[in-house]
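**Q** Input structure: upload-v2.csv, which contains CSV, C-alpha atoms.
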chain,number,residue,atom,x,y,z
Z,1,MET,CA,-28.3,-22.5,39.3
Z,2,THR,CA,-27.2,-26.0,38.4
Z,3,THR,CA,-23.9,-27.4,39.6
Z,4,LEU,CA,-21.8,-30.1,37.9
Z,5,THR,CA,-21.4,-33.2,40.1
Z,6,ALA,CA,-17.8,-34.0,41.2
Z,7,ARG,CA,-16.1,-36.1,43.9
Z,8,THR,CA,-15.9,-34.5,47.3
Z,9,GLY,CA,-12.1,-35.1,47.6
Z,10,ASP,CA,-11.4,-33.3,44.4
Z,11,THR,CA,-13.5,-30.2,45.1
Z,12,ALA,CA,-12.4,-29.6,48.7
Z,13,GLY,CA,-11.6,-25.9,49.2
Z,14,ARG,CA,-12.6,-25.0,45.6
Z,15,PRO,CA,-15.6,-23.1,44.4
Z,16,PRO,CA,-18.3,-25.2,42.8
Z,17,VAL,CA,-18.0,-25.6,39.0
Z,18,THR,CA,-21.1,-24.1,37.3
Z,19,ASN,CA,-22.3,-24.0,33.7
Z,20,ARG,CA,-21.4,-20.2,33.7
Z,21,ASN,CA,-17.8,-20.9,34.7
Z,22,VAL,CA,-17.4,-23.6,32.1
Z,23,ALA,CA,-18.9,-21.2,29.4
Z,24,GLY,CA,-16.6,-18.4,30.5
Z,25,ARG,CA,-13.5,-20.7,30.3
Z,26,ARG,CA,-14.5,-21.8,26.9
Z,27,ARG,CA,-14.9,-18.2,25.7
Z,28,ASN,CA,-11.5,-17.3,27.2
Z,29,ARG,CA,-9.9,-20.3,25.5
Z,30,TRP,CA,-11.5,-19.4,22.2
Z,31,PHE,CA,-10.3,-15.8,22.4
Z,32,ALA,CA,-6.8,-16.9,23.3
Z,33,ASP,CA,-6.6,-19.4,20.4
Z,34,VAL,CA,-8.7,-17.8,17.6
Z,35,GLY,CA,-10.6,-14.7,18.8
Z,36,TRP,CA,-7.7,-12.3,18.9
Z,37,ARG,CA,-7.0,-13.1,15.2
Z,38,HIS,CA,-10.5,-12.0,14.3
Z,39,LEU,CA,-10.0,-8.8,16.3
Z,40,VAL,CA,-6.8,-8.0,14.5
Z,41,ALA,CA,-8.4,-8.8,11.1
Z,42,VAL,CA,-11.3,-6.4,11.9
Z,43,LEU,CA,-8.9,-3.7,12.9
Z,44,GLY,CA,-6.9,-4.2,9.7
Z,45,VAL,CA,-10.1,-4.0,7.6
Z,46,LEU,CA,-11.2,-0.8,9.4
Z,47,PHE,CA,-7.8,0.8,9.0
Z,48,SER,CA,-7.7,0.0,5.2
Z,49,LEU,CA,-11.2,1.1,4.6
Z,50,PHE,CA,-10.9,4.5,6.4
Z,51,PRO,CA,-9.2,6.4,3.5
Z,52,ILE,CA,-11.6,4.9,1.0
Z,53,VAL,CA,-14.6,6.0,3.0
Z,54,PHE,CA,-13.1,9.4,3.5
Z,55,VAL,CA,-12.4,9.9,-0.2
Z,56,LEU,CA,-15.9,8.6,-1.1
Z,57,SER,CA,-17.4,11.1,1.4
Z,58,ALA,CA,-15.3,13.9,0.0
Z,59,ALA,CA,-16.4,13.1,-3.6
Z,60,LEU,CA,-20.1,13.1,-2.6
Z,61,ASN,CA,-19.8,16.3,-0.5
Z,62,PRO,CA,-21.9,19.0,-2.2
Z,63,LEU,CA,-19.6,21.8,-0.9
Z,64,GLY,CA,-16.5,20.1,-2.4
Z,65,THR,CA,-13.9,21.6,-0.1
Z,66,LEU,CA,-11.3,20.0,2.2
Z,67,SER,CA,-12.4,22.0,5.2
Z,68,THR,CA,-16.0,20.8,5.0
Z,69,THR,CA,-15.2,17.2,4.3
Z,70,GLU,CA,-16.4,14.7,7.0
Z,71,LEU,CA,-16.2,11.0,7.4
Z,72,VAL,CA,-20.0,10.8,7.4
Z,73,PRO,CA,-21.4,13.7,5.2
Z,74,THR,CA,-24.0,15.8,7.1
Z,75,ASP,CA,-24.7,18.3,4.3
Z,76,GLY,CA,-26.3,15.7,2.0
Z,77,VAL,CA,-25.0,13.8,-1.0
Z,78,SER,CA,-24.4,15.3,-4.5
Z,79,LEU,CA,-22.7,14.3,-7.7
Z,80,GLY,CA,-21.7,17.9,-8.4
Z,81,ASN,CA,-18.0,17.0,-8.0
Z,82,PHE,CA,-18.1,14.5,-10.7
Z,83,THR,CA,-19.8,16.9,-13.2
Z,84,GLY,CA,-17.4,19.6,-12.2
Z,85,LEU,CA,-14.4,17.3,-12.8
Z,86,PHE,CA,-15.3,16.9,-16.5
Z,87,GLU,CA,-16.4,20.5,-16.9
Z,88,ARG,CA,-13.4,22.3,-15.3
Z,89,THR,CA,-10.6,19.9,-16.2
Z,90,ALA,CA,-9.4,17.7,-19.1
Z,91,PHE,CA,-10.0,14.6,-17.1
Z,92,GLU,CA,-11.2,12.5,-20.0
Z,93,ARG,CA,-8.1,13.3,-22.0
Z,94,TRP,CA,-5.8,12.5,-19.0
Z,95,PHE,CA,-7.8,9.2,-18.5
Z,96,LEU,CA,-7.2,8.1,-22.1
Z,97,ASN,CA,-3.5,9.1,-22.0
Z,98,SER,CA,-3.0,7.0,-18.8
Z,99,LEU,CA,-4.8,4.0,-20.3
Z,100,LEU,CA,-2.9,4.2,-23.5
Z,101,ILE,CA,0.5,4.5,-21.8
Z,102,ALA,CA,-0.1,2.0,-19.0
Z,103,GLY,CA,-1.7,-0.6,-21.3
Z,104,VAL,CA,0.9,-0.5,-24.1
Z,105,ALA,CA,3.9,-0.1,-21.7
Z,106,SER,CA,2.8,-3.0,-19.5
Z,107,PHE,CA,2.0,-5.3,-22.5
Z,108,ALA,CA,5.2,-4.5,-24.3
Z,109,SER,CA,7.5,-4.7,-21.2
Z,110,VAL,CA,5.9,-8.1,-20.2
Z,111,PHE,CA,6.3,-9.5,-23.7
Z,112,LEU,CA,9.9,-8.4,-24.1
Z,113,SER,CA,10.8,-9.6,-20.6
Z,114,ALA,CA,9.2,-13.0,-21.3
Z,115,LEU,CA,11.4,-13.3,-24.5
Z,116,ALA,CA,14.5,-12.3,-22.6
Z,117,ALA,CA,13.7,-14.5,-19.6
Z,118,TYR,CA,13.2,-17.5,-21.9
Z,119,ALA,CA,16.5,-16.9,-23.6
Z,120,PHE,CA,18.4,-16.5,-20.3
Z,121,SER,CA,16.7,-19.6,-18.8
Z,122,ARG,CA,16.8,-22.1,-21.6
Z,123,MET,CA,19.8,-21.1,-23.8
Z,124,ARG,CA,23.5,-21.0,-23.1
Z,125,PHE,CA,25.5,-18.3,-24.9
Z,126,ARG,CA,28.4,-16.0,-24.5
Z,127,GLY,CA,27.7,-13.1,-22.2
Z,128,ARG,CA,24.7,-14.7,-20.5
Z,129,ARG,CA,26.0,-14.3,-17.0
Z,130,VAL,CA,27.2,-10.8,-17.6
Z,131,GLY,CA,23.9,-9.8,-19.0
Z,132,LEU,CA,22.0,-11.1,-16.0
Z,133,LEU,CA,24.3,-9.4,-13.6
Z,134,SER,CA,24.1,-6.2,-15.6
Z,135,LEU,CA,20.3,-6.2,-15.4
Z,136,LEU,CA,20.5,-6.8,-11.7
Z,137,LEU,CA,23.1,-4.0,-11.1
Z,138,ILE,CA,21.2,-1.5,-13.2
Z,139,GLN,CA,18.0,-2.1,-11.2
Z,140,MET,CA,19.9,-1.2,-8.0
Z,141,PHE,CA,19.9,2.4,-9.0
Z,142,PRO,CA,16.6,4.3,-9.2
Z,143,GLN,CA,15.7,5.5,-12.7
Z,144,PHE,CA,15.2,9.0,-11.4
Z,145,LEU,CA,18.9,9.3,-10.8
Z,146,ALA,CA,19.4,9.5,-14.5
Z,147,ILE,CA,16.7,12.1,-15.0
Z,148,VAL,CA,19.2,14.8,-16.1
Z,149,ALA,CA,20.8,12.6,-18.7
Z,150,ILE,CA,17.4,11.3,-19.9
Z,151,TYR,CA,16.2,14.9,-20.1
Z,152,LEU,CA,19.1,15.9,-22.3
Z,153,ILE,CA,18.7,12.8,-24.5
Z,154,PHE,CA,15.0,13.5,-25.1
Z,155,GLY,CA,15.7,17.2,-25.7
Z,156,THR,CA,17.7,16.1,-28.7
Z,157,ILE,CA,15.1,13.5,-29.7
Z,158,THR,CA,12.4,16.2,-29.6
Z,159,ASP,CA,14.4,18.3,-32.1
Z,160,LEU,CA,15.0,15.4,-34.5
Z,161,TRP,CA,11.9,13.2,-34.0
Z,162,PRO,CA,9.1,15.3,-32.3
Z,163,ALA,CA,6.7,12.3,-32.4
Z,164,ILE,CA,8.6,10.5,-29.7
Z,165,GLY,CA,9.9,13.5,-27.8
Z,166,PHE,CA,8.5,15.7,-24.9
Z,167,ASN,CA,4.7,16.0,-24.4
Z,168,THR,CA,4.0,12.8,-26.4
Z,169,PRO,CA,2.8,9.5,-25.0
Z,170,TRP,CA,5.2,7.5,-27.2
Z,171,GLY,CA,8.3,9.1,-25.7
Z,172,LEU,CA,7.2,8.4,-22.2
Z,173,LEU,CA,6.2,4.9,-23.3
Z,174,LEU,CA,9.7,4.1,-24.4
Z,175,LEU,CA,11.1,5.4,-21.1
Z,176,TYR,CA,8.8,3.2,-19.1
Z,177,MET,CA,9.5,0.1,-21.2
Z,178,GLY,CA,13.3,0.4,-20.6
Z,179,GLY,CA,12.9,0.8,-16.8
Z,180,ALA,CA,10.7,-2.3,-16.3
Z,181,LEU,CA,12.7,-4.8,-18.3
Z,182,GLY,CA,15.2,-5.7,-15.6
Z,183,VAL,CA,12.8,-6.6,-12.8
Z,184,ASN,CA,10.4,-8.4,-15.0
Z,185,THR,CA,13.1,-10.4,-16.7
Z,186,TRP,CA,14.5,-11.7,-13.4
Z,187,LEU,CA,11.0,-12.6,-12.1
Z,188,MET,CA,10.1,-14.5,-15.2
Z,189,LYS,CA,13.5,-16.2,-15.4
Z,190,GLY,CA,13.0,-17.7,-12.0
Z,191,PHE,CA,9.6,-19.0,-13.1
Z,192,PHE,CA,11.0,-20.4,-16.4
Z,193,ASP,CA,13.6,-22.3,-14.4
Z,194,THR,CA,10.9,-24.2,-12.5
Z,195,LEU,CA,9.5,-25.7,-15.7
Z,196,PRO,CA,10.9,-29.1,-16.6
Z,197,ARG,CA,13.2,-29.2,-19.5
Z,198,GLU,CA,11.6,-32.4,-20.7
Z,199,LEU,CA,8.9,-30.2,-22.3
Z,200,ASP,CA,11.5,-28.4,-24.4
Z,201,GLU,CA,13.3,-31.6,-25.3
Z,202,SER,CA,10.1,-33.5,-26.3
Z,203,ALA,CA,8.9,-30.6,-28.5
Z,204,THR,CA,12.4,-30.3,-30.1
Z,205,VAL,CA,12.4,-34.0,-30.9
Z,206,ASP,CA,9.0,-33.5,-32.6
Z,207,GLY,CA,10.6,-30.8,-34.8
Z,208,ALA,CA,9.4,-27.7,-33.0
Z,209,SER,CA,11.6,-24.5,-33.3
Z,210,HIS,CA,12.5,-22.2,-30.4
Z,211,ALA,CA,9.6,-19.9,-31.3
Z,212,GLN,CA,7.1,-22.7,-31.5
Z,213,VAL,CA,8.3,-24.1,-28.1
Z,214,PHE,CA,8.0,-20.6,-26.5
Z,215,PHE,CA,4.6,-19.6,-27.9
Z,216,ARG,CA,2.8,-23.0,-28.0
Z,217,ILE,CA,4.2,-24.7,-24.9
Z,218,MET,CA,6.0,-22.3,-22.5
Z,219,PHE,CA,3.8,-19.3,-23.0
Z,220,PRO,CA,0.5,-20.9,-21.7
Z,221,LEU,CA,2.4,-22.5,-18.8
Z,222,VAL,CA,3.8,-19.2,-17.5
Z,223,ALA,CA,0.5,-17.4,-17.6
Z,224,PRO,CA,0.5,-16.9,-13.8
Z,225,ILE,CA,3.8,-15.0,-13.7
Z,226,LEU,CA,2.7,-13.0,-16.9
Z,227,ALA,CA,-0.4,-12.0,-15.1
Z,228,VAL,CA,1.5,-10.9,-11.9
Z,229,THR,CA,4.1,-8.9,-13.8
Z,230,GLY,CA,1.5,-7.4,-16.1
Z,231,LEU,CA,-0.6,-6.3,-13.1
Z,232,LEU,CA,2.4,-4.8,-11.3
Z,233,ALA,CA,3.6,-3.0,-14.5
Z,234,PHE,CA,0.2,-1.6,-15.1
Z,235,ILE,CA,-0.3,-0.3,-11.6
Z,236,GLY,CA,3.2,1.1,-11.4
Z,237,THR,CA,2.8,2.9,-14.8
Z,238,ILE,CA,-0.6,4.3,-14.3
Z,239,ASN,CA,0.4,5.7,-10.9
Z,240,GLU,CA,3.9,7.0,-11.9
Z,241,PHE,CA,4.3,10.7,-11.3
Z,242,LEU,CA,8.0,11.9,-11.1
Z,243,MET,CA,9.1,11.0,-14.7
Z,244,ALA,CA,5.7,11.9,-16.2
Z,245,ASN,CA,5.7,15.3,-14.5
Z,246,VAL,CA,9.1,16.1,-16.1
Z,247,PHE,CA,8.2,15.0,-19.6
Z,248,LEU,CA,4.6,16.1,-19.8
Z,249,THR,CA,3.8,19.8,-19.5
Z,250,SER,CA,1.0,20.5,-21.9
Z,251,THR,CA,-2.6,19.9,-20.7
Z,252,ASP,CA,-3.5,17.5,-23.5
Z,253,SER,CA,-0.5,15.2,-22.9
Z,254,LYS,CA,-0.7,14.9,-19.2
Z,255,THR,CA,-1.6,11.6,-17.4
Z,256,LEU,CA,-3.9,11.2,-14.5
Z,257,ALA,CA,-1.2,11.5,-11.9
Z,258,VAL,CA,0.2,14.7,-13.4
Z,259,GLY,CA,-3.1,16.3,-14.2
Z,260,MET,CA,-4.7,15.6,-10.8
Z,261,TYR,CA,-1.6,16.8,-9.0
Z,262,GLY,CA,-2.2,20.2,-10.6
Z,263,MET,CA,-5.6,20.4,-8.9
Z,264,LEU,CA,-4.0,20.6,-5.5
Z,265,GLN,CA,-1.3,23.1,-6.3
Z,266,GLY,CA,-1.3,26.6,-4.9
Z,267,ASN,CA,-4.4,28.1,-3.2
Z,268,GLU,CA,-6.9,25.8,-5.0
Z,269,ARG,CA,-6.1,22.9,-2.8
Z,270,ASN,CA,-9.1,23.5,-0.5
Z,271,ASN,CA,-11.6,24.4,-3.2
Z,272,ASN,CA,-10.6,21.5,-5.6
Z,273,PHE,CA,-10.5,18.7,-3.0
Z,274,GLY,CA,-14.0,17.5,-3.9
Z,275,ILE,CA,-13.3,17.1,-7.6
Z,276,PHE,CA,-9.9,15.6,-6.8
Z,277,ALA,CA,-11.6,12.9,-4.7
Z,278,ALA,CA,-14.0,12.2,-7.5
Z,279,GLY,CA,-11.2,11.8,-9.9
Z,280,THR,CA,-9.4,9.5,-7.5
Z,281,LEU,CA,-12.4,7.2,-7.4
Z,282,LEU,CA,-12.6,7.1,-11.2
Z,283,THR,CA,-8.9,6.5,-11.5
Z,284,ALA,CA,-9.2,3.3,-9.5
Z,285,ILE,CA,-11.6,1.7,-12.0
Z,286,PRO,CA,-9.0,0.6,-14.5
Z,287,THR,CA,-6.8,-1.0,-11.9
Z,288,VAL,CA,-9.8,-2.9,-10.4
Z,289,LEU,CA,-10.9,-4.1,-13.8
Z,290,VAL,CA,-7.4,-5.3,-14.7
Z,291,PHE,CA,-7.1,-7.2,-11.4
Z,292,GLN,CA,-10.4,-8.9,-11.9
Z,293,LEU,CA,-9.4,-9.8,-15.4
Z,294,LEU,CA,-6.1,-11.4,-14.4
Z,295,GLN,CA,-7.2,-12.8,-11.1
Z,296,ARG,CA,-8.0,-16.3,-12.4
Z,297,TYR,CA,-4.6,-16.6,-13.9
Z,298,ILE,CA,-2.9,-15.5,-10.7
Z,299,VAL,CA,-4.6,-18.0,-8.5
Z,300,SER,CA,-4.5,-21.0,-10.9
Z,301,GLY,CA,-1.5,-23.3,-11.1
Z,302,LEU,CA,-1.3,-24.0,-14.8
Z,303,THR,CA,2.0,-25.9,-14.5
Z,304,ALA,CA,0.5,-28.6,-12.2
Z,305,GLY,CA,0.8,-31.9,-13.9
Z,306,ALA,CA,2.5,-30.6,-17.1
Z,307,VAL,CA,4.7,-33.6,-17.4
Z,308,LYS,CA,2.4,-36.3,-16.0
Z,309,GLY,CA,0.7,-38.9,-18.2
Is it possible to give me this structure as structure tokens?

**A**
Amino acid sequence: MTTLTARTGDTAGRPPVTNRNVAGRRRNRWFADVGWRHLVAVLGVLFSLFPIVFVLSAALNPLGTLSTTELVPTDGVSLGNFTGLFERTAFERWFLNSLLIAGVASFASVFLSALAAYAFSRMRFRGRRVGLLSLLLIQMFPQFLAIVAIYLIFGTITDLWPAIGFNTPWGLLLLYMGGALGVNTWLMKGFFDTLPRELDESATVDGASHAQVFFRIMFPLVAPILAVTGLLAFIGTINEFLMANVFLTSTDSKTLAVGMYGMLQGNERNNNFGIFAAGTLLTAIPTVLVFQLLQRYIVSGLTAGAVKG
């Protein structure tokens, strides 16, 4: 084995420095500086992928029960749980209901919140501070605390206007829109405050109205925060269960969260776990597609250089 040359006075009483020792020290230094981060990252990825792999294995398990589900299926692979999901349940109806409610509710709440945020950020009017504080205070209390009052209100609405009452997507849609306005308004107002006022002033000098300033100038610049709030609103709405379980009781009006919860009730939990896992995988498709659609708006800084030139 080769030995690195060194002065005799410096190496007295020390073991010879070899290539193997140098390589070992470099590995130790690399692990202390960078390597442990890779280890933590790998452990985090494995931890996050474990439930996905388990659900995928349960969905492809031909036996379709919880007691026979394994991380790596040993009984073969089958698509019987997917076919049983559509044959034994009204999954396609629940899927359409969830897409309708989540899509319309997120779009409407983001649009109304953007209008309110623009008004609170750019305009000065009586009651502005009180309105902002009221939105903040209301959001401190969970919406579920008002479930009794909301239930009584919608009971009267169902008698007078059945189209927006219980077991209708439009009634639940109105409820979701009201609950999301406060948080979205505060998030968007902070983003509007970062935009330079020179944009508003120059457009106003050119004769633009408040609506033209908002839709033609401000709206494209705030696309990143619109994408973020829209994605959060969509995910929160499509996964919401407590309020939907109270308002939706008929099979045709249920959403994915309510309908799939019924699969695991009672003694059918073990037998229906396979089709439940298959439904879970299909439920994730809309969220992934929405994220991929909005991803370029989230990562792009559209406001960079807005007042330069």

**Q** Out of Z:Thr194, Z:Gln139, Z:Ser202, Z:Ser98, which residue has the shortest atom-to-atom distance to Thr287 in chain Z when counting all atoms listed in the file?

**A** Z:Ser98

**Q** Give me the residues near range 49-56 of chain Z as a ChimeraX atom specification, where near means some atom within 12 Å (using all atoms listed in the file) and where sequence neighbours in that chain fewer than 4 positions away do not count.

**A** /Z:42-45,60-61,64-66,68-73,77-79,81-82,273-282,284

**Q** So the first atom is CA of Asp252 in chain Z and the second is CA of Thr229 in chain Z; what is the distance between them in Å, to one decimal place?

**A**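 Atom-to-atom, CA of Asp252 in chain Z and CA of Thr229 in chain Z are spaced 29.1 Å apart.
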
**Q** Which of these residues is nearest to Leu115 in chain Z, using only C-alpha atoms: Z:Gln265, Z:Gln212, Z:Asn271, Z:Thr185?

**A**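 With only C-alpha atoms as the atom set, the closest residue is Z:Thr185.
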
**Q** For a quick check of understanding, using all atoms listed in the file, which of Z:Ile157, Z:Ile101, Z:Gly182, Z:Leu231 has the smallest distance to Phe141 in chain Z?

**A**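 Looking only at the distances to Phe141 in chain Z, the closest residue turns out to be Z:Gly182.
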
**Q** Just the number, please: distance in Å from CA of Ala233 in chain Z to CA of Leu199 in chain Z, one decimal.

**A** 28.8 Å

**Q** How many Å separate CA of Asn270 in chain Z from CA of Ala244 in chain Z?

**A**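 For CA of Asn270 in chain Z relative to CA of Ala244 in chain Z, the distance reads 24.5 Å.
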
**Q** Show which residues sit within 9 Å of Asn245 in chain Z, as JSON, numbers by chain. Count all atoms listed in the file, and ignore same-chain residues fewer than 2 positions away.

**A** {"Z": [240, 241, 242, 243, 247, 248, 249, 254, 255, 257, 258, 259]}

**Q** Can those selected residues be exported to a file as an mmCIF file, in the coordinates of the input so that it contains C-alpha atoms?

**A**
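Result went into result.cif, see below:
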data_model
loop_
_atom_site.group_PDB
_atom_site.id
_atom_site.type_symbol
_atom_site.label_atom_id
_atom_site.label_comp_id
_atom_site.auth_asym_id
_atom_site.auth_seq_id
_atom_site.Cartn_x
_atom_site.Cartn_y
_atom_site.Cartn_z
ATOM 1 C CA GLU Z 240 3.900 7.000 -11.900
ATOM 2 C CA PHE Z 241 4.300 10.700 -11.300
ATOM 3 C CA LEU Z 242 8.000 11.900 -11.100
ATOM 4 C CA MET Z 243 9.100 11.000 -14.700
ATOM 5 C CA PHE Z 247 8.200 15.000 -19.600
ATOM 6 C CA LEU Z 248 4.600 16.100 -19.800
ATOM 7 C CA THR Z 249 3.800 19.800 -19.500
ATOM 8 C CA LYS Z 254 -0.700 14.900 -19.200
ATOM 9 C CA THR Z 255 -1.600 11.600 -17.400
ATOM 10 C CA ALA Z 257 -1.200 11.500 -11.900
ATOM 11 C CA VAL Z 258 0.200 14.700 -13.400
ATOM 12 C CA GLY Z 259 -3.100 16.300 -14.200
#

**Q** Between Z:Ala208, Z:Met188, Z:Ala102, Z:Ala90, which one has atoms that come closest to Thr251 in chain Z, using only C-alpha atoms?

**A** Z:Ala90

**Q** For Leu221 in chain Z, which residue among Z:Gly207, Z:Asn184, Z:Thr156, Z:Ala114 is the nearest when counting all atoms listed in the file?

**A**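 When distances to Leu221 in chain Z are compared using all atoms listed in the file, the smallest one comes from Z:Ala114.
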
**Q** Measuring atom to atom with all atoms listed in the file, identify which of Z:Gly236, Z:Gly76, Z:Gly230, Z:Pro142 is nearest to Tyr297 in chain Z.

**A**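 Of all the options, Z:Gly230 lies closest to Tyr297 in chain Z.
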
**Q** I'd like the contact shell of range 119-136 of chain Z - 12 Å cut-off, only C-alpha atoms, skipping same-chain residues fewer than 4 positions apart - returned as an NGL selection string.

**A** :Z and (112-115 or 140-141 or 178-201 or 210-211 or 213-214 or 218)

**Q** With C-alpha atoms retained, export the selected residues as an mmCIF file, keeping the file's coordinate frame.

**A**
data_model
loop_
_atom_site.group_PDB
_atom_site.id
_atom_site.type_symbol
_atom_site.label_atom_id
_atom_site.label_comp_id
_atom_site.auth_asym_id
_atom_site.auth_seq_id
_atom_site.Cartn_x
_atom_site.Cartn_y
_atom_site.Cartn_z
ATOM 1 C CA LEU Z 112 9.900 -8.400 -24.100
ATOM 2 C CA SER Z 113 10.800 -9.600 -20.600
ATOM 3 C CA ALA Z 114 9.200 -13.000 -21.300
ATOM 4 C CA LEU Z 115 11.400 -13.300 -24.500
ATOM 5 C CA MET Z 140 19.900 -1.200 -8.000
ATOM 6 C CA PHE Z 141 19.900 2.400 -9.000
ATOM 7 C CA GLY Z 178 13.300 0.400 -20.600
ATOM 8 C CA GLY Z 179 12.900 0.800 -16.800
ATOM 9 C CA ALA Z 180 10.700 -2.300 -16.300
ATOM 10 C CA LEU Z 181 12.700 -4.800 -18.300
ATOM 11 C CA GLY Z 182 15.200 -5.700 -15.600
ATOM 12 C CA VAL Z 183 12.800 -6.600 -12.800
ATOM 13 C CA ASN Z 184 10.400 -8.400 -15.000
ATOM 14 C CA THR Z 185 13.100 -10.400 -16.700
ATOM 15 C CA TRP Z 186 14.500 -11.700 -13.400
ATOM 16 C CA LEU Z 187 11.000 -12.600 -12.100
ATOM 17 C CA MET Z 188 10.100 -14.500 -15.200
ATOM 18 C CA LYS Z 189 13.500 -16.200 -15.400
ATOM 19 C CA GLY Z 190 13.000 -17.700 -12.000
ATOM 20 C CA PHE Z 191 9.600 -19.000 -13.100
ATOM 21 C CA PHE Z 192 11.000 -20.400 -16.400
ATOM 22 C CA ASP Z 193 13.600 -22.300 -14.400
ATOM 23 C CA THR Z 194 10.900 -24.200 -12.500
ATOM 24 C CA LEU Z 195 9.500 -25.700 -15.700
ATOM 25 C CA PRO Z 196 10.900 -29.100 -16.600
ATOM 26 C CA ARG Z 197 13.200 -29.200 -19.500
ATOM 27 C CA GLU Z 198 11.600 -32.400 -20.700
ATOM 28 C CA LEU Z 199 8.900 -30.200 -22.300
ATOM 29 C CA ASP Z 200 11.500 -28.400 -24.400
ATOM 30 C CA GLU Z 201 13.300 -31.600 -25.300
ATOM 31 C CA HIS Z 210 12.500 -22.200 -30.400
ATOM 32 C CA ALA Z 211 9.600 -19.900 -31.300
ATOM 33 C CA VAL Z 213 8.300 -24.100 -28.100
ATOM 34 C CA PHE Z 214 8.000 -20.600 -26.500
ATOM 35 C CA MET Z 218 6.000 -22.300 -22.500
#
